[in-house]
Amino acid sequence: MIILPKHFLLLFIAALSYHTSFTQSKNDSAQAFPFVKFHYAYLLPSGDFEETYGNSSSLGGGVGYKTKSNWQFEINANYLFGGDVKRKDLLSGIINDEGDATDSDGQLVKIIYDLRGLSFSATIGKTFPVFNINENSGIIVKAGIGYIQHRIKIDYRDGDVFQLNEEMLKGYDRLHSGLLLNQFIGFQYYGRRNFTNFQLGFELNQGLTKNQREYNYDSRSFDKDQKNDLLYGFRLGWVIPIKGRTADEFYFY
């Protein structure tokens, strides 16, 4: 049986304590790494957008890079969708009082209206550490610029309605697109494990769009004015940092 000198045991314990403290400090300090992100937002309408649509959802993802100084650069893509379309009078000359159209066989066909859209943006942001969590987490403020497109999807499940063929629908779908500006403020958390990282905060989107069809069949008029499409709400994102682990790095809890 080997009996270690008392001073050697004290030295060993001190070294172990230092290593634990150093490892934890290393992981709590500000780090630079790329990441991927998946996010969802529930959005409310305002401006010209509110005249056509109600509340909607946005689902998407992106890639980015975080620097040691807590600057963050991202490229994001989002799919915009919703079932609250206010312009139910678009097809007033085609549908009956119940909202149904008549197909080529004389059968009634139910018309369905949905919002469909997409957006792309490049953003830059800065994280300000708070609450003594770690140097990578805290209040994050971001701003971005990009492209947005949205339209009314007019659909029917059965039958063949001549007045609603693919070419005719272009005169009713209100396809708009243009410049997108967005801002975000919220909280960002980076933990020690790749699956415990998230963003949550308030988002504002401003689309400076124009009608790409120019002429609307339902109103029998040209529509060339620029629109101010506003969407705002809360966005939740799941972030996955891409960080390597060195061979001599251990974690103590």
# chains A, B, ... in the order shown; residues from 1 in each chain; ligands from 1
$ residues_around --residues "stretch 51-61 of chain A" --least-positions-apart "5" --cutoff "9 Å" --atoms "only C-alpha atoms" --output "MDAnalysis selection string"
chainID A and resid 36:46 75:87 115 118 152 231 235 237
$ write_last_selection --atoms "C-alpha atoms" --output "short mmCIF file (atom, residue, chain, number, x, y, z; two decimals), in the first residue's frame"
data_model
loop_
_atom_site.label_atom_id
_atom_site.label_comp_id
_atom_site.auth_asym_id
_atom_site.auth_seq_id
_atom_site.Cartn_x
_atom_site.Cartn_y
_atom_site.Cartn_z
CA VAL A 36 -26.98 26.90 -37.66
CA LYS A 37 -30.41 27.98 -36.48
CA PHE A 38 -34.07 26.98 -36.80
CA HIS A 39 -36.82 29.36 -35.76
CA TYR A 40 -40.57 30.04 -35.63
CA ALA A 41 -42.47 33.33 -35.29
CA TYR A 42 -46.10 34.26 -34.73
CA LEU A 43 -46.71 37.55 -36.53
CA LEU A 44 -49.39 40.24 -36.42
CA PRO A 45 -50.08 42.48 -39.43
CA SER A 46 -50.05 46.25 -39.77
CA ILE A 75 -28.17 34.70 -43.30
CA ASN A 76 -31.81 33.60 -42.85
CA ALA A 77 -34.63 32.21 -44.97
CA ASN A 78 -38.28 32.03 -43.87
CA TYR A 79 -41.52 30.55 -45.14
CA LEU A 80 -44.57 32.73 -44.43
CA PHE A 81 -48.01 31.14 -44.15
CA GLY A 82 -51.48 31.66 -42.70
CA GLY A 83 -55.17 31.00 -43.26
CA ASP A 84 -56.60 34.42 -42.43
CA VAL A 85 -57.20 36.18 -45.75
CA LYS A 86 -59.57 39.14 -45.54
CA ARG A 87 -60.25 39.69 -49.25
CA LEU A 115 -51.36 33.35 -47.35
CA LEU A 118 -41.06 33.76 -48.31
CA ILE A 152 -52.95 34.94 -51.85
CA LEU A 231 -45.39 42.27 -39.60
CA ARG A 235 -39.71 34.70 -32.66
CA GLY A 237 -35.05 30.11 -32.35
#
$ residues_around --residues "stretch 173-176 of chain A" --least-positions-apart "4" --cutoff "6 Å" --atoms "only C-alpha atoms" --output "ChimeraX atom specification"
/A:149-152,209-212
$ write_last_selection --atoms "C-alpha atoms" --output "PDB file, in the first residue's frame"
ATOM      1  CA  GLN A 149     -42.588  38.021 -51.347  1.00  0.00           C
ATOM      2  CA  HIS A 150     -46.204  37.129 -50.523  1.00  0.00           C
ATOM      3  CA  ARG A 151     -49.435  36.262 -52.308  1.00  0.00           C
ATOM      4  CA  ILE A 152     -52.951  34.943 -51.847  1.00  0.00           C
ATOM      5  CA  THR A 209     -43.348  45.939 -51.866  1.00  0.00           C
ATOM      6  CA  LYS A 210     -45.168  46.385 -55.162  1.00  0.00           C
ATOM      7  CA  ASN A 211     -47.824  44.328 -56.910  1.00  0.00           C
ATOM      8  CA  GLN A 212     -46.009  42.218 -59.514  1.00  0.00           C
TER       9      GLN A 212
END
$ residues_around --residues "A:Lys142" --least-positions-apart "4" --cutoff "10 Å" --atoms "only C-alpha atoms" --output "mmCIF file with N, CA and C atoms, in the first residue's frame"
data_model
loop_
_atom_site.group_PDB
_atom_site.id
_atom_site.type_symbol
_atom_site.label_atom_id
_atom_site.label_comp_id
_atom_site.auth_asym_id
_atom_site.auth_seq_id
_atom_site.Cartn_x
_atom_site.Cartn_y
_atom_site.Cartn_z
ATOM 1 N N TRP A 71 -20.181 40.030 -31.652
ATOM 2 C CA TRP A 71 -20.896 40.409 -32.868
ATOM 3 C C TRP A 71 -21.394 39.133 -33.540
ATOM 4 N N GLN A 72 -22.536 39.230 -34.181
ATOM 5 C CA GLN A 72 -23.145 38.039 -34.775
ATOM 6 C C GLN A 72 -23.644 38.373 -36.180
ATOM 7 N N PHE A 73 -23.283 37.533 -37.149
ATOM 8 C CA PHE A 73 -23.670 37.732 -38.542
ATOM 9 C C PHE A 73 -24.482 36.520 -38.992
ATOM 10 N N GLU A 74 -25.626 36.774 -39.659
ATOM 11 C CA GLU A 74 -26.518 35.684 -40.032
ATOM 12 C C GLU A 74 -27.062 35.870 -41.441
ATOM 13 N N THR A 123 -28.379 39.642 -41.610
ATOM 14 C CA THR A 123 -28.480 40.469 -40.410
ATOM 15 C C THR A 123 -27.143 40.561 -39.694
ATOM 16 N N ILE A 124 -27.016 41.631 -38.924
ATOM 17 C CA ILE A 124 -25.870 41.817 -38.053
ATOM 18 C C ILE A 124 -26.389 42.182 -36.669
ATOM 19 N N GLY A 125 -25.787 41.617 -35.629
ATOM 20 C CA GLY A 125 -26.273 41.860 -34.286
ATOM 21 C C GLY A 125 -25.155 41.879 -33.268
ATOM 22 N N LYS A 126 -25.515 42.271 -32.059
ATOM 23 C CA LYS A 126 -24.551 42.362 -30.971
ATOM 24 C C LYS A 126 -25.198 41.849 -29.693
ATOM 25 N N THR A 127 -24.457 41.005 -28.950
ATOM 26 C CA THR A 127 -24.931 40.466 -27.678
ATOM 27 C C THR A 127 -24.276 41.217 -26.518
ATOM 28 N N ASN A 182 -35.650 44.368 -41.308
ATOM 29 C CA ASN A 182 -36.131 43.759 -40.062
ATOM 30 C C ASN A 182 -35.232 44.123 -38.886
ATOM 31 N N GLN A 183 -35.863 44.125 -37.704
ATOM 32 C CA GLN A 183 -35.175 44.419 -36.460
ATOM 33 C C GLN A 183 -35.611 43.395 -35.411
ATOM 34 N N PHE A 184 -34.704 43.100 -34.482
ATOM 35 C CA PHE A 184 -34.978 42.086 -33.457
ATOM 36 C C PHE A 184 -34.282 42.496 -32.166
ATOM 37 N N ILE A 185 -34.997 42.344 -31.051
ATOM 38 C CA ILE A 185 -34.391 42.517 -29.738
ATOM 39 C C ILE A 185 -34.919 41.414 -28.830
ATOM 40 N N GLY A 186 -34.026 40.769 -28.116
ATOM 41 C CA GLY A 186 -34.455 39.663 -27.272
ATOM 42 C C GLY A 186 -33.321 39.135 -26.418
ATOM 43 N N GLU A 203 -39.743 40.830 -32.840
ATOM 44 C CA GLU A 203 -39.254 41.080 -34.195
ATOM 45 C C GLU A 203 -40.200 42.010 -34.936
#
$ select_by_dssp --residues "stretch 46-199 of chain A" --states "alpha helix (DSSP H)" --output "count of residues only"
4
$ closest_residue --among "A:Phe33, A:Tyr232, A:Phe162, A:Tyr190" --to "A:Ile94" --atoms "only C-alpha atoms"
A:Phe162
$ atom_distance --atom1 "atom CA of A:Tyr215" --atom2 "atom CA of A:Gly171"
6.6 Å
$ residues_around --residues "A:Leu230" --least-positions-apart "5" --cutoff "7 Å" --atoms "only C-alpha atoms" --output "count of residues only"
7
$ atom_distance --atom1 "atom CA of A:Ile133" --atom2 "atom CA of A:Phe187"
11.8 Å
$ select_by_dssp --residues "stretch 32-234 of chain A" --states "strand (DSSP E or B)" --output "ChimeraX atom specification"
/A:33-47,53,56-66,71-82,85,100-102,108-129,138-156,176-189,198-211,215-216,221-222,227-234
